[in-house]
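Participant: Pasting a structure here, questions to come.
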Amino acid sequence: MHLALPVAAEEPQGGIAGWATGLVETFGGPGAGFAIALENLFPPLPSEIILPLTGFAASQGVLSLASALFWTTLGSVVGAVALYTIGAVFGRERMHHLWAKLPLVKASDLVRTEEWFARHGTKAVLLGRMVPVFRSLISVPAGVERMPLPVFIGLTTAGSLVWNTLLVMAGYWLGDRWDVVGTYVGLVSKIVLGAALLAAVWWIAKRVRGRKESRRGE
């Protein structure tokens, strides 16, 4: 059954917003859940568009608010478990084998990362659900480190429910101004990614400098 948004509402026609609108209108909650599952697997699909748009659809009666929150959270968990499985199948030995071939890194760096994840993995999985892009990537090391699946699913569900509720409710309250949410969340996403990029550049520069100094001392 196809439930269209009222004509008076400003309905997105193209791009990711139009695609998500079509899914939600045609399949309701399961369509929104499918879109969010894909967003977890392919981070370039922005939840800051899909989730507020789903809230907007709920405000127009296309689906209930409870259905919007249930299906988008389920979609988040399904997508995260898929990435967790990839990490688990890839395994620690293959990861170490690949790591050993990469330039500018040491085996000890990976060991320290594993130790850090062992100490802070629960926080990373829980809070990571509220950080764009990172919420997808964190599922892979969780799988590699074989975090107990029930714990992973519980943390993913809790973190995703908070993130999804915030964005879905924002879209619900803003109505046809749902796209304002994407503007602000998109800005935050760029700041977070920019900071991560700067940190990566700094780390690589430090590693290169350290290797040059080691060679001079030989």
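All residue names refer to the structure tokens as shown: chains lettered A, B, ... in order, residues numbered from 1 in each chain, ligands numbered from 1 in order.
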Show which residues sit within 12 Å of Ala158 (chain A), as a ChimeraX atom specification. Count only C-alpha atoms, and ignore same-chain residues fewer than 2 positions away.

Facilitator: /A:70,73-74,76-77,122-123,125-130,151-156,160-165

Participant: Residues as selected, N, CA and C atoms, written as a tab-separated table (two decimals), in the first residue's frame, can you do that?

Facilitator:
```tsv
chain	number	residue	atom	x	y	z
A	70	PHE	N	11.12	2.16	16.08
A	70	PHE	CA	11.41	0.73	16.14
A	70	PHE	C	12.18	0.26	14.91
A	73	THR	N	15.77	1.81	14.46
A	73	THR	CA	16.72	1.23	15.42
A	73	THR	C	17.06	-0.21	15.03
A	74	LEU	N	16.06	-0.95	14.59
A	74	LEU	CA	16.31	-2.32	14.12
A	74	LEU	C	17.24	-2.30	12.92
A	76	SER	N	19.50	-0.06	12.26
A	76	SER	CA	20.84	0.27	12.74
A	76	SER	C	21.54	-0.98	13.28
A	77	VAL	N	20.80	-1.78	14.04
A	77	VAL	CA	21.38	-2.99	14.64
A	77	VAL	C	21.75	-4.00	13.56
A	122	THR	N	33.41	-1.01	25.25
A	122	THR	CA	31.98	-0.80	25.51
A	122	THR	C	31.59	0.67	25.33
A	123	LYS	N	32.46	1.58	25.81
A	123	LYS	CA	32.18	3.01	25.63
A	123	LYS	C	32.22	3.39	24.15
A	125	VAL	N	31.64	1.52	21.50
A	125	VAL	CA	30.47	1.01	20.77
A	125	VAL	C	29.23	1.80	21.14
A	126	LEU	N	29.05	2.12	22.42
A	126	LEU	CA	27.86	2.85	22.86
A	126	LEU	C	27.86	4.28	22.35
A	127	LEU	N	28.91	5.04	22.66
A	127	LEU	CA	28.95	6.44	22.28
A	127	LEU	C	29.23	6.63	20.79
A	128	GLY	N	29.92	5.64	20.20
A	128	GLY	CA	30.22	5.73	18.77
A	128	GLY	C	28.98	5.74	17.90
A	129	ARG	N	27.88	5.23	18.40
A	129	ARG	CA	26.63	5.23	17.64
A	129	ARG	C	26.13	6.64	17.38
A	130	MET	N	26.64	7.60	18.13
A	130	MET	CA	26.18	8.97	17.98
A	130	MET	C	27.18	9.85	17.26
A	151	VAL	N	26.41	-8.47	24.12
A	151	VAL	CA	26.84	-7.17	24.64
A	151	VAL	C	26.89	-6.16	23.51
A	152	PHE	N	27.45	-6.55	22.37
A	152	PHE	CA	27.54	-5.67	21.21
A	152	PHE	C	26.15	-5.23	20.76
A	153	ILE	N	25.23	-6.17	20.67
A	153	ILE	CA	23.87	-5.84	20.23
A	153	ILE	C	23.18	-4.92	21.24
A	154	GLY	N	23.38	-5.19	22.53
A	154	GLY	CA	22.77	-4.36	23.56
A	154	GLY	C	23.27	-2.93	23.51
A	155	LEU	N	24.60	-2.75	23.41
A	155	LEU	CA	25.18	-1.42	23.34
A	155	LEU	C	24.78	-0.70	22.06
A	156	THR	N	24.78	-1.44	20.95
A	156	THR	CA	24.39	-0.86	19.66
A	156	THR	C	22.93	-0.41	19.69
A	160	SER	N	22.05	3.47	19.37
A	160	SER	CA	21.29	3.79	18.15
A	160	SER	C	19.92	4.37	18.49
A	161	LEU	N	19.30	3.84	19.55
A	161	LEU	CA	17.98	4.34	19.94
A	161	LEU	C	18.06	5.81	20.33
A	162	VAL	N	19.10	6.18	21.06
A	162	VAL	CA	19.27	7.59	21.45
A	162	VAL	C	19.46	8.48	20.22
A	163	TRP	N	20.41	8.09	19.34
A	163	TRP	CA	20.69	8.87	18.14
A	163	TRP	C	19.46	8.96	17.24
A	164	ASN	N	18.83	7.82	16.99
A	164	ASN	CA	17.66	7.80	16.10
A	164	ASN	C	16.51	8.62	16.67
A	165	THR	N	16.29	8.50	17.99
A	165	THR	CA	15.20	9.25	18.61
A	165	THR	C	15.41	10.75	18.47
```

Participant: If we count only C-alpha atoms and set the cut-off at 6 Å, which residues sit around Pro52 (chain A), ignoring sequence neighbours fewer than 2 positions away in its own chain? Please answer as a list in words.

Facilitator: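 Using only C-alpha atoms, the neighbours found are Ile49, Ile50, Thr54, Gly55, Leu167, Val168, Gly171 and Trp178 of chain A.
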